[in-house]
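Remarks on the structure that follows.
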Amino acid sequence: MNTFNINRRSFLQGATAALALSTFGAQGMDLINPAKTWRVGLIGTGWYGKSDLFRLIQVAPVEVIALCDVDKNQLNEAGKLVSQRQKSGKTPKLYGDYQKMLAENELDIVLIGSPDHWHALQMIDAVKAGAHVYVQKPISVDVLEGEAMVAAARKYKKVVQVGTQRKSTPHLIDAKKNIVDAGLLGKISHVEMCCYYHMRANGNPPVEAVPDYLDYEKWTGPAPLRPYDGSPHVRWWRTFMEYGNGITGDMCVHMFDTVRWMLKLGWPKKITSTGGIYVQKEGKSNISDTQSAIFEYDGLNCVWQHRTWGTPNNPDYPWSFTLYGEKGTLWASTMAYDFIPQGKGEKIHKDVVYEKEKYPEDLKEDKIELNAAPATRLHMLDFLAAIENNGRPVADIEEGHISTASCILANLSMKTGRSIVYDPIKREIVGDREANALLARAYRAPYKHPDYKHV
């Protein structure tokens, strides 16, 4: 069996090491002696792009060859930070055009941390260029982009890991193994998922001149070109459907993907959603502030609810999922889980794992999600193991597509006012011509929408 190798110091520390050993078994002992240096490129050097890259640097011998961003200020700052982080001390080559970056460098791995509307084209171009890809969630902004991404990964025989790192979150792995798989819940026939974060940007900034350090035309890419009204980075772009799929596309995809993994679920049989802008009407934002969705399976409904106003139904679990079984209930989030048995059984609680002492550099990193860092490190190890073993990672592109597309289809249900039944074999919505026309968004010229038949 092939093995991959990681830096001895990083491997031998903390929860990442323990989980790597338990996940990869005997192979885990072979991770200690570095033999290969991975040549890495990053597209999108913003907050989470850098965060993903820094977690990879922590657990594997890599040389970051190139970085790409359409914001020169962001790009230059990222170059400095990477030179301080990577072992060689070198500053990566800096690009404003990701296609030029792919053409001029032989990269083993490409990380994609750009906004959602760019994921499909960049992932497909990266695997065509010979790289394995780690792409952030949601993988796409429409369903047929996702179909093309899966087709490209398979055609070019590349590993594509999706950044749904809840599957690599230590306490959630424990919950799956010791609560769900152990049968403590019994038969599970209802699931609730939610997000009550006040994360919907809702301002009215004025239109202004595009700053000279930002290529706004290229940032917009295949999406509609909105008048420039300030930096689109971090939260602002997420408040517009032009670039993503709202809170459902952003936050439900994580929880729904985790539920599907825990319960071994595939495509939903039917998806129904209602919602809209009910409260926060004063700003430019066009994503829903209130939305409910039902993902139906045989004998099981998975129900999603988000509100970007008011209070959560459970203050301890404002972004979470709840599995209801005949023998008990499991509340779970990125921060903890609680098993509550039916009757007089023993309650079980487990908290998130931190590795602050083991990776002190985390404490100096701007905007880092300390609770997610161990999960992302293990997610990267799983990604590398799949590359070396020519296998599928835990968050394979097809699984990421099912979770992403299901959330997109929920939005289509809300838009059309009808339930959606998607046929993943025919790649069409059953008996609904109007909804089928929404499976692919129109691309702005000269960009061409990818076709799963011709990738």
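Quick note on naming: the chains in the structure tokens go A, B, ... in the order shown, residues restart at 1 in each chain, and ligands are numbered from 1 in order of appearance.
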
Once you count only C-alpha atoms, what closest atom pair and distance in Å to one decimal does each residue of range 141-214 of chain A within 10 Å of range 424-448 of chain A have, with rows by chain and rising residue number, as CSV?
residue,atom,partner,partner_atom,distance
A:Val141,CA,A:Arg441,CA,8.0
A:Asp142,CA,A:Ala440,CA,5.5
A:Val143,CA,A:Leu439,CA,5.3
A:Leu144,CA,A:Ala440,CA,5.5
A:Glu145,CA,A:Ala440,CA,7.1
A:Gly146,CA,A:Ala440,CA,9.8
A:Glu147,CA,A:Arg427,CA,8.0

Emit the selected residues as a CSV table (one decimal), in the first residue's frame, including all heavy atoms.
chain,number,residue,atom,x,y,z
A,141,VAL,N,-22.4,27.2,-8.0
A,141,VAL,CA,-23.5,28.1,-7.8
A,141,VAL,C,-24.7,27.6,-8.6
A,141,VAL,O,-25.8,28.1,-8.4
A,141,VAL,CB,-23.2,29.5,-8.2
A,141,VAL,CG1,-22.2,30.2,-7.3
A,141,VAL,CG2,-22.8,29.6,-9.7
A,142,ASP,N,-24.6,26.5,-9.4
A,142,ASP,CA,-25.7,25.9,-10.0
A,142,ASP,C,-25.5,24.4,-10.1
A,142,ASP,O,-24.4,23.9,-10.0
A,142,ASP,CB,-26.1,26.5,-11.4
A,142,ASP,CG,-25.1,26.3,-12.5
A,142,ASP,OD1,-24.7,25.2,-12.7
A,142,ASP,OD2,-24.8,27.3,-13.2
A,143,VAL,N,-26.5,23.7,-10.4
A,143,VAL,CA,-26.5,22.2,-10.3
A,143,VAL,C,-25.6,21.6,-11.5
A,143,VAL,O,-24.8,20.7,-11.2
A,143,VAL,CB,-27.9,21.6,-10.4
A,143,VAL,CG1,-27.8,20.1,-10.5
A,143,VAL,CG2,-28.7,22.0,-9.2
A,144,LEU,N,-25.7,22.2,-12.7
A,144,LEU,CA,-24.9,21.6,-13.8
A,144,LEU,C,-23.5,21.9,-13.7
A,144,LEU,O,-22.7,21.2,-14.3
A,144,LEU,CB,-25.6,22.0,-15.1
A,144,LEU,CG,-27.0,21.4,-15.3
A,144,LEU,CD1,-27.5,21.8,-16.8
A,144,LEU,CD2,-27.0,19.9,-15.1
A,145,GLU,N,-23.1,23.0,-13.0
A,145,GLU,CA,-21.7,23.2,-12.8
A,145,GLU,C,-21.1,22.0,-12.0
A,145,GLU,O,-20.1,21.5,-12.2
A,145,GLU,CB,-21.5,24.5,-11.9
A,145,GLU,CG,-21.4,25.8,-12.7
A,145,GLU,CD,-21.1,27.0,-11.8
A,145,GLU,OE1,-21.2,26.8,-10.6
A,145,GLU,OE2,-20.7,28.0,-12.3
A,146,GLY,N,-21.9,21.7,-10.9
A,146,GLY,CA,-21.4,20.5,-10.1
A,146,GLY,C,-21.3,19.2,-10.9
A,146,GLY,O,-20.4,18.5,-10.7
A,147,GLU,N,-22.3,19.0,-11.8
A,147,GLU,CA,-22.2,17.8,-12.6
A,147,GLU,C,-20.9,17.8,-13.4
A,147,GLU,O,-20.3,16.8,-13.6
A,147,GLU,CB,-23.4,17.7,-13.5
A,147,GLU,CG,-24.8,17.5,-12.8
A,147,GLU,CD,-25.0,16.1,-12.2
A,147,GLU,OE1,-24.0,15.3,-12.2
A,147,GLU,OE2,-26.1,15.9,-11.6

Need the shell around Ala395 in chain A: protein/DNA/RNA residues with any atom at most 7 Å away, counting only C-alpha atoms. Skip same-chain ones fewer than 4 positions apart. Format as number ranges by chain? A: 161-162, 164, 399-400

Those same residues, written as a short mmCIF file (atom, residue, chain, number, x, y, z; two decimals), in the first residue's frame with N, CA and C atoms?
data_model
loop_
_atom_site.label_atom_id
_atom_site.label_comp_id
_atom_site.auth_asym_id
_atom_site.auth_seq_id
_atom_site.Cartn_x
_atom_site.Cartn_y
_atom_site.Cartn_z
N GLN A 161 -11.01 17.01 -3.11
CA GLN A 161 -11.55 17.05 -1.76
C GLN A 161 -12.31 18.37 -1.57
N VAL A 162 -13.49 18.30 -1.00
CA VAL A 162 -14.32 19.48 -0.75
C VAL A 162 -14.14 19.91 0.70
N THR A 164 -15.70 20.48 3.22
CA THR A 164 -16.74 20.18 4.22
C THR A 164 -16.07 19.39 5.34
N GLU A 399 -19.69 13.62 -3.37
CA GLU A 399 -20.45 13.87 -2.14
C GLU A 399 -20.68 15.36 -1.95
N GLY A 400 -19.66 16.16 -2.25
CA GLY A 400 -19.82 17.60 -2.16
C GLY A 400 -20.86 18.12 -3.14
#

How many Å lie between CA of Asp351 in chain A and CA of Pro318 in chain A, rounded to one decimal?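 It comes out at 15.2 Å.
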
Pick from A:Leu381, A:Leu363, A:Met199, A:Val253 nearest to Arg235 in chain A, counting only C-alpha atoms: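 When distances to Arg235 in chain A are compared using only C-alpha atoms, the smallest one comes from A:Met199.
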
List as a PyMOL selection string the protein and nucleic acid residues near Pro450 in chain A, meaning an atom at most 8 Å away when only C-alpha atoms are counted, but skip any in the same chain fewer than 4 places from it. chain A and resi 120-121+144-145+148+454-455

Take the residues from that selection and put them in a file with N, CA, C and O atoms, as a PDB file, in the first residue's frame.
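Result saved to selection-v4.pdb:
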ATOM      1  N   ALA A 120     -16.291  26.366 -10.045  1.00  0.00           N
ATOM      2  CA  ALA A 120     -16.411  25.349 -11.100  1.00  0.00           C
ATOM      3  C   ALA A 120     -15.328  25.503 -12.162  1.00  0.00           C
ATOM      4  O   ALA A 120     -14.611  24.541 -12.482  1.00  0.00           O
ATOM      5  N   LEU A 121     -15.206  26.685 -12.728  1.00  0.00           N
ATOM      6  CA  LEU A 121     -14.224  26.887 -13.793  1.00  0.00           C
ATOM      7  C   LEU A 121     -12.805  26.633 -13.294  1.00  0.00           C
ATOM      8  O   LEU A 121     -11.995  26.006 -13.986  1.00  0.00           O
ATOM      9  N   LEU A 144     -25.698  22.157 -12.667  1.00  0.00           N
ATOM     10  CA  LEU A 144     -24.950  21.582 -13.780  1.00  0.00           C
ATOM     11  C   LEU A 144     -23.466  21.926 -13.727  1.00  0.00           C
ATOM     12  O   LEU A 144     -22.652  21.189 -14.296  1.00  0.00           O
ATOM     13  N   GLU A 145     -23.084  23.011 -13.050  1.00  0.00           N
ATOM     14  CA  GLU A 145     -21.662  23.230 -12.764  1.00  0.00           C
ATOM     15  C   GLU A 145     -21.125  22.048 -11.958  1.00  0.00           C
ATOM     16  O   GLU A 145     -20.051  21.516 -12.248  1.00  0.00           O
ATOM     17  N   ALA A 148     -20.570  18.955 -13.976  1.00  0.00           N
ATOM     18  CA  ALA A 148     -19.362  19.063 -14.800  1.00  0.00           C
ATOM     19  C   ALA A 148     -18.102  18.875 -13.960  1.00  0.00           C
ATOM     20  O   ALA A 148     -17.111  18.288 -14.417  1.00  0.00           O
ATOM     21  N   HIS A 454     -18.684  17.430 -21.977  1.00  0.00           N
ATOM     22  CA  HIS A 454     -17.487  17.852 -22.721  1.00  0.00           C
ATOM     23  C   HIS A 454     -16.521  18.607 -21.813  1.00  0.00           C
ATOM     24  O   HIS A 454     -16.242  19.786 -21.997  1.00  0.00           O
ATOM     25  N   VAL A 455     -16.006  17.919 -20.813  1.00  0.00           N
ATOM     26  CA  VAL A 455     -15.021  18.557 -19.942  1.00  0.00           C
ATOM     27  C   VAL A 455     -13.598  18.124 -20.337  1.00  0.00           C
ATOM     28  O   VAL A 455     -12.638  18.643 -19.816  1.00  0.00           O
TER      29      VAL A 455
END

Hey, what's within 12 Å of range 295-301 of chain A if we count only C-alpha atoms and toss same-chain stuff fewer than 6 positions away? As number ranges by chain, please? A: 187-193, 252-253, 256-257, 259-260, 263-273, 322-325, 402-403, 405-411, 413, 419-422

Which residues in range 115-317 of chain A does DSSP call strand (DSSP E)? List them as a PyMOL selection string. chain A and resi 132-135+160-162+188-195+270-276+290-297+300-307

Can you write out the residues you just picked, keeping N, CA and C atoms, as an mmCIF file, in the first residue's frame?
data_model
loop_
_atom_site.group_PDB
_atom_site.id
_atom_site.type_symbol
_atom_site.label_atom_id
_atom_site.label_comp_id
_atom_site.auth_asym_id
_atom_site.auth_seq_id
_atom_site.Cartn_x
_atom_site.Cartn_y
_atom_site.Cartn_z
ATOM 1 N N HIS A 132 -4.279 17.782 -8.402
ATOM 2 C CA HIS A 132 -5.343 17.387 -7.499
ATOM 3 C C HIS A 132 -5.852 18.660 -6.830
ATOM 4 N N VAL A 133 -7.107 18.655 -6.416
ATOM 5 C CA VAL A 133 -7.730 19.913 -5.989
ATOM 6 C C VAL A 133 -8.419 19.777 -4.638
ATOM 7 N N TYR A 134 -8.237 20.808 -3.823
ATOM 8 C CA TYR A 134 -9.013 20.995 -2.597
ATOM 9 C C TYR A 134 -9.843 22.243 -2.844
ATOM 10 N N VAL A 135 -11.170 22.076 -2.960
ATOM 11 C CA VAL A 135 -12.046 23.203 -3.300
ATOM 12 C C VAL A 135 -12.999 23.489 -2.153
ATOM 13 N N VAL A 160 -10.349 15.124 -5.779
ATOM 14 C CA VAL A 160 -10.890 16.437 -5.434
ATOM 15 C C VAL A 160 -11.575 16.330 -4.079
ATOM 16 N N GLN A 161 -11.007 17.008 -3.114
ATOM 17 C CA GLN A 161 -11.548 17.051 -1.758
ATOM 18 C C GLN A 161 -12.306 18.371 -1.570
ATOM 19 N N VAL A 162 -13.493 18.298 -1.005
ATOM 20 C CA VAL A 162 -14.317 19.478 -0.750
ATOM 21 C C VAL A 162 -14.137 19.910 0.704
ATOM 22 N N ILE A 188 -33.558 6.222 13.362
ATOM 23 C CA ILE A 188 -33.599 7.685 13.239
ATOM 24 C C ILE A 188 -34.594 8.039 12.142
ATOM 25 N N SER A 189 -35.620 8.793 12.503
ATOM 26 C CA SER A 189 -36.671 9.102 11.528
ATOM 27 C C SER A 189 -36.949 10.594 11.374
ATOM 28 N N HIS A 190 -36.145 11.426 12.013
ATOM 29 C CA HIS A 190 -36.314 12.865 11.830
ATOM 30 C C HIS A 190 -34.995 13.561 12.139
ATOM 31 N N VAL A 191 -34.655 14.555 11.312
ATOM 32 C CA VAL A 191 -33.443 15.340 11.502
ATOM 33 C C VAL A 191 -33.794 16.814 11.365
ATOM 34 N N GLU A 192 -33.273 17.619 12.264
ATOM 35 C CA GLU A 192 -33.418 19.072 12.147
ATOM 36 C C GLU A 192 -32.034 19.695 12.029
ATOM 37 N N MET A 193 -31.920 20.684 11.146
ATOM 38 C CA MET A 193 -30.666 21.402 10.938
ATOM 39 C C MET A 193 -31.001 22.888 10.951
ATOM 40 N N CYS A 194 -30.069 23.711 11.433
ATOM 41 C CA CYS A 194 -30.414 25.126 11.547
ATOM 42 C C CYS A 194 -29.187 26.013 11.526
ATOM 43 N N CYS A 195 -29.423 27.292 11.246
ATOM 44 C CA CYS A 195 -28.433 28.338 11.436
ATOM 45 C C CYS A 195 -29.174 29.612 11.819
ATOM 46 N N LYS A 270 -37.104 14.073 -2.642
ATOM 47 C CA LYS A 270 -37.853 15.290 -2.954
ATOM 48 C C LYS A 270 -37.364 16.413 -2.053
ATOM 49 N N ILE A 271 -37.375 17.640 -2.588
ATOM 50 C CA ILE A 271 -36.923 18.805 -1.829
ATOM 51 C C ILE A 271 -37.977 19.895 -1.932
ATOM 52 N N THR A 272 -38.357 20.447 -0.791
ATOM 53 C CA THR A 272 -39.358 21.510 -0.746
ATOM 54 C C THR A 272 -38.844 22.625 0.148
ATOM 55 N N SER A 273 -39.000 23.872 -0.299
ATOM 56 C CA SER A 273 -38.499 24.987 0.500
ATOM 57 C C SER A 273 -39.377 26.222 0.339
ATOM 58 N N THR A 274 -39.514 26.963 1.422
ATOM 59 C CA THR A 274 -40.211 28.247 1.393
ATOM 60 C C THR A 274 -39.376 29.256 2.184
ATOM 61 N N GLY A 275 -39.597 30.516 1.901
ATOM 62 C CA GLY A 275 -38.881 31.555 2.624
ATOM 63 C C GLY A 275 -38.777 32.822 1.805
ATOM 64 N N GLY A 276 -37.937 33.724 2.265
ATOM 65 C CA GLY A 276 -37.752 34.986 1.569
ATOM 66 C C GLY A 276 -37.131 36.021 2.484
ATOM 67 N N THR A 290 -34.967 34.403 5.978
ATOM 68 C CA THR A 290 -35.757 33.362 6.639
ATOM 69 C C THR A 290 -36.029 32.266 5.605
ATOM 70 N N GLN A 291 -35.705 31.023 5.951
ATOM 71 C CA GLN A 291 -35.950 29.952 4.979
ATOM 72 C C GLN A 291 -36.062 28.607 5.689
ATOM 73 N N SER A 292 -37.003 27.805 5.213
ATOM 74 C CA SER A 292 -37.170 26.423 5.664
ATOM 75 C C SER A 292 -37.056 25.511 4.458
ATOM 76 N N ALA A 293 -36.479 24.342 4.655
ATOM 77 C CA ALA A 293 -36.373 23.369 3.567
ATOM 78 C C ALA A 293 -36.537 21.967 4.132
ATOM 79 N N ILE A 294 -37.165 21.100 3.355
ATOM 80 C CA ILE A 294 -37.316 19.697 3.733
ATOM 81 C C ILE A 294 -36.651 18.841 2.658
ATOM 82 N N PHE A 295 -35.687 18.026 3.083
ATOM 83 C CA PHE A 295 -35.028 17.062 2.207
ATOM 84 C C PHE A 295 -35.588 15.690 2.578
ATOM 85 N N GLU A 296 -36.375 15.114 1.689
ATOM 86 C CA GLU A 296 -37.127 13.898 2.013
ATOM 87 C C GLU A 296 -36.402 12.625 1.574
ATOM 88 N N TYR A 297 -36.402 11.647 2.472
ATOM 89 C CA TYR A 297 -35.916 10.292 2.202
ATOM 90 C C TYR A 297 -36.997 9.311 2.641
ATOM 91 N N LEU A 300 -37.725 9.216 6.468
ATOM 92 C CA LEU A 300 -36.874 10.193 7.131
ATOM 93 C C LEU A 300 -36.978 11.547 6.431
ATOM 94 N N ASN A 301 -37.210 12.591 7.205
ATOM 95 C CA ASN A 301 -37.140 13.952 6.691
ATOM 96 C C ASN A 301 -35.993 14.683 7.362
ATOM 97 N N CYS A 302 -35.194 15.411 6.566
ATOM 98 C CA CYS A 302 -34.153 16.287 7.086
ATOM 99 C C CYS A 302 -34.630 17.723 6.862
ATOM 100 N N VAL A 303 -34.868 18.439 7.946
ATOM 101 C CA VAL A 303 -35.489 19.760 7.875
ATOM 102 C C VAL A 303 -34.463 20.829 8.210
ATOM 103 N N TRP A 304 -34.358 21.831 7.355
ATOM 104 C CA TRP A 304 -33.447 22.965 7.549
ATOM 105 C C TRP A 304 -34.241 24.218 7.876
ATOM 106 N N GLN A 305 -33.682 25.047 8.779
ATOM 107 C CA GLN A 305 -34.277 26.340 9.102
ATOM 108 C C GLN A 305 -33.168 27.348 9.349
ATOM 109 N N HIS A 306 -33.257 28.506 8.666
ATOM 110 C CA HIS A 306 -32.366 29.587 9.068
ATOM 111 C C HIS A 306 -33.134 30.890 9.230
ATOM 112 N N ARG A 307 -32.649 31.672 10.167
ATOM 113 C CA ARG A 307 -33.097 33.048 10.376
ATOM 114 C C ARG A 307 -31.859 33.885 10.644
#

Considering only C-alpha atoms, return as a ChimeraX atom specification whatever protein or nucleic-acid residues lie within 7 Å of Thr239 in chain A, sequence-local ones (same chain, fewer than 4 positions apart) excluded. /A:200-201,235,246,285-287

Which polymer residues have any atom within 10 Å of an atom of Arg226 in chain A, counting only C-alpha atoms, with same-chain residues fewer than 3 positions away left out, as a ChimeraX atom specification? /A:207,216-217,220,223,229,240,242

Going by DSSP on the backbone, which residues of range 182-302 of chain A come out as alpha helix (DSSP H)? List them as a ChimeraX atom specification. /A:216-220,246-247,253-263

Could you make a table, as CSV, of the residues of range 111-194 of chain A that have an atom within 12 Å of an atom of range 64-87 of chain A, each with its nearest atom pair and distance in Å to one decimal, counting only C-alpha atoms, in chain and number order?
residue,atom,partner,partner_atom,distance
A:Leu111,CA,A:Leu67,CA,9.6
A:Ile112,CA,A:Cys68,CA,9.7
A:Gly113,CA,A:Asp69,CA,9.8
A:Ser114,CA,A:Asp69,CA,8.4
A:Pro115,CA,A:Asp69,CA,11.1
A:Trp118,CA,A:Asp69,CA,11.9
A:Gln122,CA,A:Cys68,CA,11.3

Selection file, C-alpha atoms, as a PDB file, in the first residue's frame:
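Result went into again21.pdb, see below:
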ATOM      1  CA  LEU A 111      -6.331  24.881  -3.340  1.00  0.00           C
ATOM      2  CA  ILE A 112      -9.351  26.950  -4.365  1.00  0.00           C
ATOM      3  CA  GLY A 113     -10.509  29.611  -1.917  1.00  0.00           C
ATOM      4  CA  SER A 114     -12.189  31.996  -4.342  1.00  0.00           C
ATOM      5  CA  PRO A 115     -15.864  33.059  -4.103  1.00  0.00           C
ATOM      6  CA  TRP A 118     -15.563  30.875  -9.591  1.00  0.00           C
ATOM      7  CA  GLN A 122     -11.142  26.950 -11.586  1.00  0.00           C
TER       8      GLN A 122
END

Could you pull the residues within 6 Å of Thr308 in chain A, counting only C-alpha atoms, minus those fewer than 4 positions along the same chain, as a VMD selection string? chain A and resid 196 to 198 289

Serialized selection, N, CA and C atoms, as a compact mmCIF listing (two decimals), in the first residue's frame:
# COMPACT_ATOMS: atom_id res chain seq x y z
N TYR A 196 -28.84 30.14 12.97
CA TYR A 196 -29.48 31.37 13.45
C TYR A 196 -28.46 32.50 13.64
N TYR A 197 -27.33 32.39 12.95
CA TYR A 197 -26.32 33.45 13.03
C TYR A 197 -26.83 34.71 12.30
N HIS A 198 -26.50 35.87 12.84
CA HIS A 198 -26.85 37.14 12.19
C HIS A 198 -25.73 37.49 11.22
N ASP A 289 -33.63 36.04 4.38
CA ASP A 289 -33.30 36.16 5.80
C ASP A 289 -34.03 35.10 6.62

Restricting the calculation to only C-alpha atoms: of A:Lys453, A:Lys36, A:His349, A:Lys284, which residue gets closest to Ala151 in chain A?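 Under the stated criterion, the closest residue is A:Lys453.
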
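You can rank A:Asn178, A:Glu326, A:Phe383, A:Trp236 by their closest distance to Gly283 in chain A using only C-alpha atoms, and at the top of that list sits A:Trp236.
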
Distance criterion (only C-alpha atoms): nearest to Leu94 in chain A out of A:Pro211, A:Met380, A:Ile387, A:Ile43: A:Ile43

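The spacing separating CA of His233 in chain A from CA of Lys364 in chain A amounts to 21.2 Å.
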